[in-house]
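Have a look at the structure below before the remarks.
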Amino acid sequence: MRIVVKKENLKRVIFILILLFSQILIASKIYAKGMNTVVAGANVAVTNIENGKVQGFMRNDIYTYLGIPYAKAERFMPPKKLEKWQNTYMAFMYGDISLQSSGNPMKSFLFDGPTLKQSDDAQNLNIWTPAINDGKKRAVMVWLHGGGLSNGSSIESYSYHGENLSKKGDIVVVSVNHRLNAIGFLDLSAYGEEYKYSANLGIMDLVAALEWIKENIENFGGDPNNVTIFGESGGGAKVLTLMATPAAKGLFHKAIVQSGAVERMGMTLTKPESGRRVAELTLEYLGLNKKEVKKLKDIPYEKLLEASNKALADTAKEQNLKAVRGGGIGLAWAPTMDGDYIPVEPVGEKYSIQSKDIPLLIGSNLTEWETIYAGLLNTNDFSKNLYSNKNTWTNEEIEKRINEKYREHAVAIKEAFKKAYPNRNIADVLYVDSFLRTPALKTARLKADQNGAPVYNYIFSWDTPVLDGIPMSYHTAEIAFVMNNVTDYEFATGGQKEAQELADKMSQAWINFAKTGNPNVKGMAKWEAFTRENGAVMIFDNKIEQKYKHDEELMRLLAPNFNF
């Protein structure tokens with residue numbers, strides 16, 4: 001039989017073939033090991049959801065579903081439920097991701113993922129599960145990606161892949177895409193009732209995803225009444241925000257925040273007067289008046305991005321808004337505390353009362369943020385660090401650098417560091433992070449003050465052996481351990497025995513917390529619930545140990561103006 005393709009359809013056919021081939025290449029990077037164990041067929045990995053049938057595939061005995069849509073939405077409009085589909089939905093490829101700047105701001109040899117199509121149609125999720133339709137109710141862990149509230153995706157890093165965690169814990173792992181930046185958080189509420197919640201559409205998407213999970217996850221072997229949301233960096237900020245969002249109440253039951261407690265981005269949120277001014281300036285810079293707001297949905301994203309980013313910067317200058325970090329002036333995309341959809345600050349003067357009965361696990365990495373500012377994650381600049389770094393400096397040069405950075409506080413900071421981390425290189429004091437550690441402590445203390453569900457605190461201090469350990473415990477370093485992906489992610493972890501042993505314990509702690517609200521693991525030091533009085537923290541390193549207020553003096557020296 002001869003197949004004829006009309007000339008006018010040839011470009012479309014070629015485009016589809018290229019897209020399919022690119023997705024296969026993406027999948028091949030993730031599934032390189034054990035490719036011969038991938039199974040897909042007419043009756044394999046098929047289950048029913050409220051919209052119809054969906055088919056995934058099996059790999060290493062784990063059922064995998066990629067890119068399942070959970071909602072639909074027009075630009076700047078709330079998400080709506082999907083209509084039923086007639087044919088079986090083939091969940092074989094990652095879905096589109098939210099419109100965003102073209103580059104991954106964290107992209108480096110230590111944090112890498114696929115480049116996927118961006119569009120307004122970004123409400124989709126991925127599922128990994130040991131079984132379907134078996135009547136067993138497994139704990140569900142819903143991963144919220146990083147990238148602040150501006151960038152990122154459910155697979156921006158290969159370390160996010162959920163297969164190993166699902167298999168290890170006999171749990172269901174879900175990762176979610178949703179709207180970001182101006183697409184998800186531009187406050188157009190002043191321009192009509194239909195835009196009432198536009199400042200929080202990214203959070204509304206996440207609520208829609210959690211509603212979808214509640215309605216459908218049983219068919220994927222999950223328990224809708226045992227759902228844990230967890231996320232890193234911006235993902236952790238989303239977790240905190242959801243804990244104060246009434247629409248999310250009852251949709252999850254435990255929460256984990258990894259390096260994500262930051263004021264003005266998760267702990268506290270954008271003020272309505274700031275968000276409305278950003279929208280006003282965005283329209284002005286696009287040459288639109290308030291009666292032309294509907295034209296925004298057809299504005300090319302690149303123009304919208306340019307105008308809205310300028311509006312963020314100018315609003316920060318007008319209102320003298322301090323940047324999230326660094327002491328300068330700046331404003332970043334974040335949800336808005338509008339007094340309605342999000343009625344209170346998630347972590348203001350006190351912790352959101354809505355989440356009093358939700359257990360929380362929260363922590364950060366020892367040197368994570370300082371390694372970014374030292375250029376240790378920048379691929380283009382890293383080569384210079386190979387020849388001049390903490391491992392090659394003389395004692396005199398180390399002392400000089402410490403004195404230059406900490407000036408009159410250098411001696412006190414060195415002594416406090418030695419008390420907190422007696423076995424570490426004294427040069428590491430140059431990179432100790434307080435930006436994320438102190439807000440995590442504040443959040444843990446306010447949560448503990450509720451005398452409700454427990455809160456557990458951790459520090460991840462493991463240094464990657466890659467490149468002589470220069471990147472140390474960098475931002476995102478713990479994710480591969482949580483996901484039990486250290487072997488598959490060996491270019492960043494080294495893939496050594498010690499790393500896998502740590503991942504075995506750390507991933508099991510997260511699994512146990514998701515199942516029971518208690519992260520304790522057999523064979524690991526006892527992990528006590530955190531209180532303001534005990535300051536209990538579990539330190540994850542080649543040696544896992546619990547300490548009490550071990551770094552409080554150090555943090556007060558490093559962040560003297562932060563009240564935690």
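Letters A, B, ... mark the chains of the structure tokens in the order given; residue numbers begin at 1 per chain; ligand numbers begin at 1, in order shown.
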Please produce, as a Markdown table, a per-residue contact table for range 54-133 of chain A versus range 163-182 of chain A (criterion: any atom at most 12 Å away, only C-alpha atoms considered), showing the nearest atom pair and its distance in Å to one decimal, sorted by chain then residue number.
```
| residue | atom | partner | partner_atom | distance |
| --- | --- | --- | --- | --- |
| A:Met58 | CA | A:Glu163 | CA | 10.2 |
| A:Arg59 | CA | A:Glu163 | CA | 8.4 |
| A:Asn60 | CA | A:Glu163 | CA | 8.5 |
| A:Asp61 | CA | A:Lys167 | CA | 8.1 |
| A:Ile62 | CA | A:Glu163 | CA | 6.6 |
| A:Tyr63 | CA | A:Glu163 | CA | 8.5 |
| A:Thr64 | CA | A:Glu163 | CA | 7.8 |
| A:Tyr65 | CA | A:Val174 | CA | 9.4 |
| A:Leu66 | CA | A:Ser175 | CA | 9.4 |
| A:Gly67 | CA | A:Asn177 | CA | 8.9 |
| A:Ile68 | CA | A:Val176 | CA | 9.6 |
| A:Pro69 | CA | A:Asn177 | CA | 9.5 |
| A:Tyr70 | CA | A:Val176 | CA | 9.4 |
| A:Ala71 | CA | A:His178 | CA | 9.9 |
| A:Lys72 | CA | A:His178 | CA | 10.5 |
| A:Ala73 | CA | A:Arg179 | CA | 9.9 |
| A:Glu74 | CA | A:Arg179 | CA | 11.1 |
| A:Arg75 | CA | A:Arg179 | CA | 9.4 |
| A:Phe76 | CA | A:Ala182 | CA | 8.9 |
| A:Met77 | CA | A:Arg179 | CA | 10.9 |
| A:Pro78 | CA | A:Arg179 | CA | 10.7 |
| A:Pro79 | CA | A:His178 | CA | 10.1 |
| A:Tyr94 | CA | A:Asn177 | CA | 9.9 |
| A:Gly95 | CA | A:Asn177 | CA | 8.3 |
| A:Asp96 | CA | A:Asn177 | CA | 8.2 |
| A:Ile97 | CA | A:Asn177 | CA | 6.2 |
| A:Ser98 | CA | A:Arg179 | CA | 5.2 |
| A:Leu99 | CA | A:Leu180 | CA | 7.2 |
| A:Gln100 | CA | A:Asn181 | CA | 7.1 |
| A:Ser101 | CA | A:Asn181 | CA | 9.4 |
| A:Leu116 | CA | A:Asn177 | CA | 11.8 |
| A:Gln118 | CA | A:Arg179 | CA | 10.5 |
| A:Ser119 | CA | A:Arg179 | CA | 9.5 |
| A:Asp120 | CA | A:Arg179 | CA | 7.7 |
| A:Asp121 | CA | A:Arg179 | CA | 8.7 |
| A:Ala122 | CA | A:His178 | CA | 5.6 |
| A:Gln123 | CA | A:His178 | CA | 5.2 |
| A:Asn124 | CA | A:Asn177 | CA | 5.5 |
| A:Leu125 | CA | A:Val176 | CA | 4.4 |
| A:Asn126 | CA | A:Ser175 | CA | 5.2 |
| A:Ile127 | CA | A:Val174 | CA | 4.6 |
| A:Trp128 | CA | A:Val173 | CA | 5.2 |
| A:Thr129 | CA | A:Val172 | CA | 4.6 |
| A:Pro130 | CA | A:Asp170 | CA | 6.2 |
| A:Ala131 | CA | A:Val172 | CA | 8.8 |
| A:Ile132 | CA | A:Val172 | CA | 10.0 |
```
I'd like to know which residues of range 383-497 of chain A are strand (DSSP E or B) (by DSSP, run on the backbone); could you write them as a PDB file with all heavy atoms, in the first residue's frame?
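Output file states.pdb is given in full below:
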```
ATOM      1  N   VAL A 455       7.209  18.974  64.109  1.00  0.00           N
ATOM      2  CA  VAL A 455       8.068  19.477  63.051  1.00  0.00           C
ATOM      3  C   VAL A 455       9.447  18.880  63.256  1.00  0.00           C
ATOM      4  O   VAL A 455       9.924  18.752  64.394  1.00  0.00           O
ATOM      5  CB  VAL A 455       8.115  21.025  63.041  1.00  0.00           C
ATOM      6  CG1 VAL A 455       8.520  21.583  64.388  1.00  0.00           C
ATOM      7  CG2 VAL A 455       9.065  21.540  61.963  1.00  0.00           C
ATOM      8  N   TYR A 456      10.074  18.467  62.171  1.00  0.00           N
ATOM      9  CA  TYR A 456      11.417  17.879  62.209  1.00  0.00           C
ATOM     10  C   TYR A 456      12.352  18.752  61.369  1.00  0.00           C
ATOM     11  O   TYR A 456      11.992  19.196  60.276  1.00  0.00           O
ATOM     12  CB  TYR A 456      11.395  16.451  61.659  1.00  0.00           C
ATOM     13  CG  TYR A 456      10.561  15.501  62.489  1.00  0.00           C
ATOM     14  CD1 TYR A 456       9.208  15.327  62.226  1.00  0.00           C
ATOM     15  CD2 TYR A 456      11.133  14.781  63.535  1.00  0.00           C
ATOM     16  CE1 TYR A 456       8.431  14.456  62.997  1.00  0.00           C
ATOM     17  CE2 TYR A 456      10.369  13.912  64.306  1.00  0.00           C
ATOM     18  CZ  TYR A 456       9.021  13.751  64.026  1.00  0.00           C
ATOM     19  OH  TYR A 456       8.261  12.899  64.787  1.00  0.00           O
ATOM     20  N   ASN A 457      13.557  18.969  61.877  1.00  0.00           N
ATOM     21  CA  ASN A 457      14.517  19.857  61.241  1.00  0.00           C
ATOM     22  C   ASN A 457      15.763  19.084  60.825  1.00  0.00           C
ATOM     23  O   ASN A 457      16.182  18.151  61.511  1.00  0.00           O
ATOM     24  CB  ASN A 457      14.888  20.982  62.216  1.00  0.00           C
ATOM     25  CG  ASN A 457      15.794  22.033  61.589  1.00  0.00           C
ATOM     26  OD1 ASN A 457      16.800  22.414  62.159  1.00  0.00           O
ATOM     27  ND2 ASN A 457      15.438  22.507  60.416  1.00  0.00           N
ATOM     28  N   TYR A 458      16.368  19.472  59.691  1.00  0.00           N
ATOM     29  CA  TYR A 458      17.585  18.798  59.226  1.00  0.00           C
ATOM     30  C   TYR A 458      18.551  19.783  58.594  1.00  0.00           C
ATOM     31  O   TYR A 458      18.186  20.893  58.191  1.00  0.00           O
ATOM     32  CB  TYR A 458      17.239  17.692  58.206  1.00  0.00           C
ATOM     33  CG  TYR A 458      16.910  18.216  56.820  1.00  0.00           C
ATOM     34  CD1 TYR A 458      17.908  18.411  55.862  1.00  0.00           C
ATOM     35  CD2 TYR A 458      15.598  18.536  56.463  1.00  0.00           C
ATOM     36  CE1 TYR A 458      17.621  18.902  54.601  1.00  0.00           C
ATOM     37  CE2 TYR A 458      15.294  19.024  55.205  1.00  0.00           C
ATOM     38  CZ  TYR A 458      16.302  19.208  54.267  1.00  0.00           C
ATOM     39  OH  TYR A 458      16.006  19.717  53.029  1.00  0.00           O
ATOM     40  N   ILE A 459      19.806  19.359  58.504  1.00  0.00           N
ATOM     41  CA  ILE A 459      20.837  20.017  57.702  1.00  0.00           C
ATOM     42  C   ILE A 459      21.497  18.932  56.859  1.00  0.00           C
ATOM     43  O   ILE A 459      21.881  17.877  57.380  1.00  0.00           O
ATOM     44  CB  ILE A 459      21.902  20.707  58.568  1.00  0.00           C
ATOM     45  CG1 ILE A 459      21.303  21.906  59.309  1.00  0.00           C
ATOM     46  CG2 ILE A 459      23.081  21.177  57.715  1.00  0.00           C
ATOM     47  CD1 ILE A 459      22.281  22.551  60.286  1.00  0.00           C
ATOM     48  N   PHE A 460      21.648  19.185  55.579  1.00  0.00           N
ATOM     49  CA  PHE A 460      22.359  18.283  54.682  1.00  0.00           C
ATOM     50  C   PHE A 460      23.753  18.862  54.488  1.00  0.00           C
ATOM     51  O   PHE A 460      23.929  19.911  53.867  1.00  0.00           O
ATOM     52  CB  PHE A 460      21.613  18.189  53.346  1.00  0.00           C
ATOM     53  CG  PHE A 460      22.244  17.278  52.337  1.00  0.00           C
ATOM     54  CD1 PHE A 460      22.044  15.909  52.392  1.00  0.00           C
ATOM     55  CD2 PHE A 460      23.020  17.796  51.303  1.00  0.00           C
ATOM     56  CE1 PHE A 460      22.605  15.064  51.443  1.00  0.00           C
ATOM     57  CE2 PHE A 460      23.596  16.959  50.355  1.00  0.00           C
ATOM     58  CZ  PHE A 460      23.385  15.583  50.424  1.00  0.00           C
TER      59      PHE A 460
END
```
**Study point:** Which residue of A:Phe109, A:Tyr548, A:Trp85, A:Tyr160 approaches Trp527 in chain A most closely, using only C-alpha atoms
**Key:**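 For Trp527 in chain A, the nearest of the candidates is A:Tyr548.
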Point to revise | Nearest-residue call for Met555 in chain A, choices A:Thr438, A:Thr245, A:Ser233, A:Asn320, using only C-alpha atoms | key: A:Thr438
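CA of Phe530 in chain A lies 16.6 Å from CA of Ile544 in chain A.
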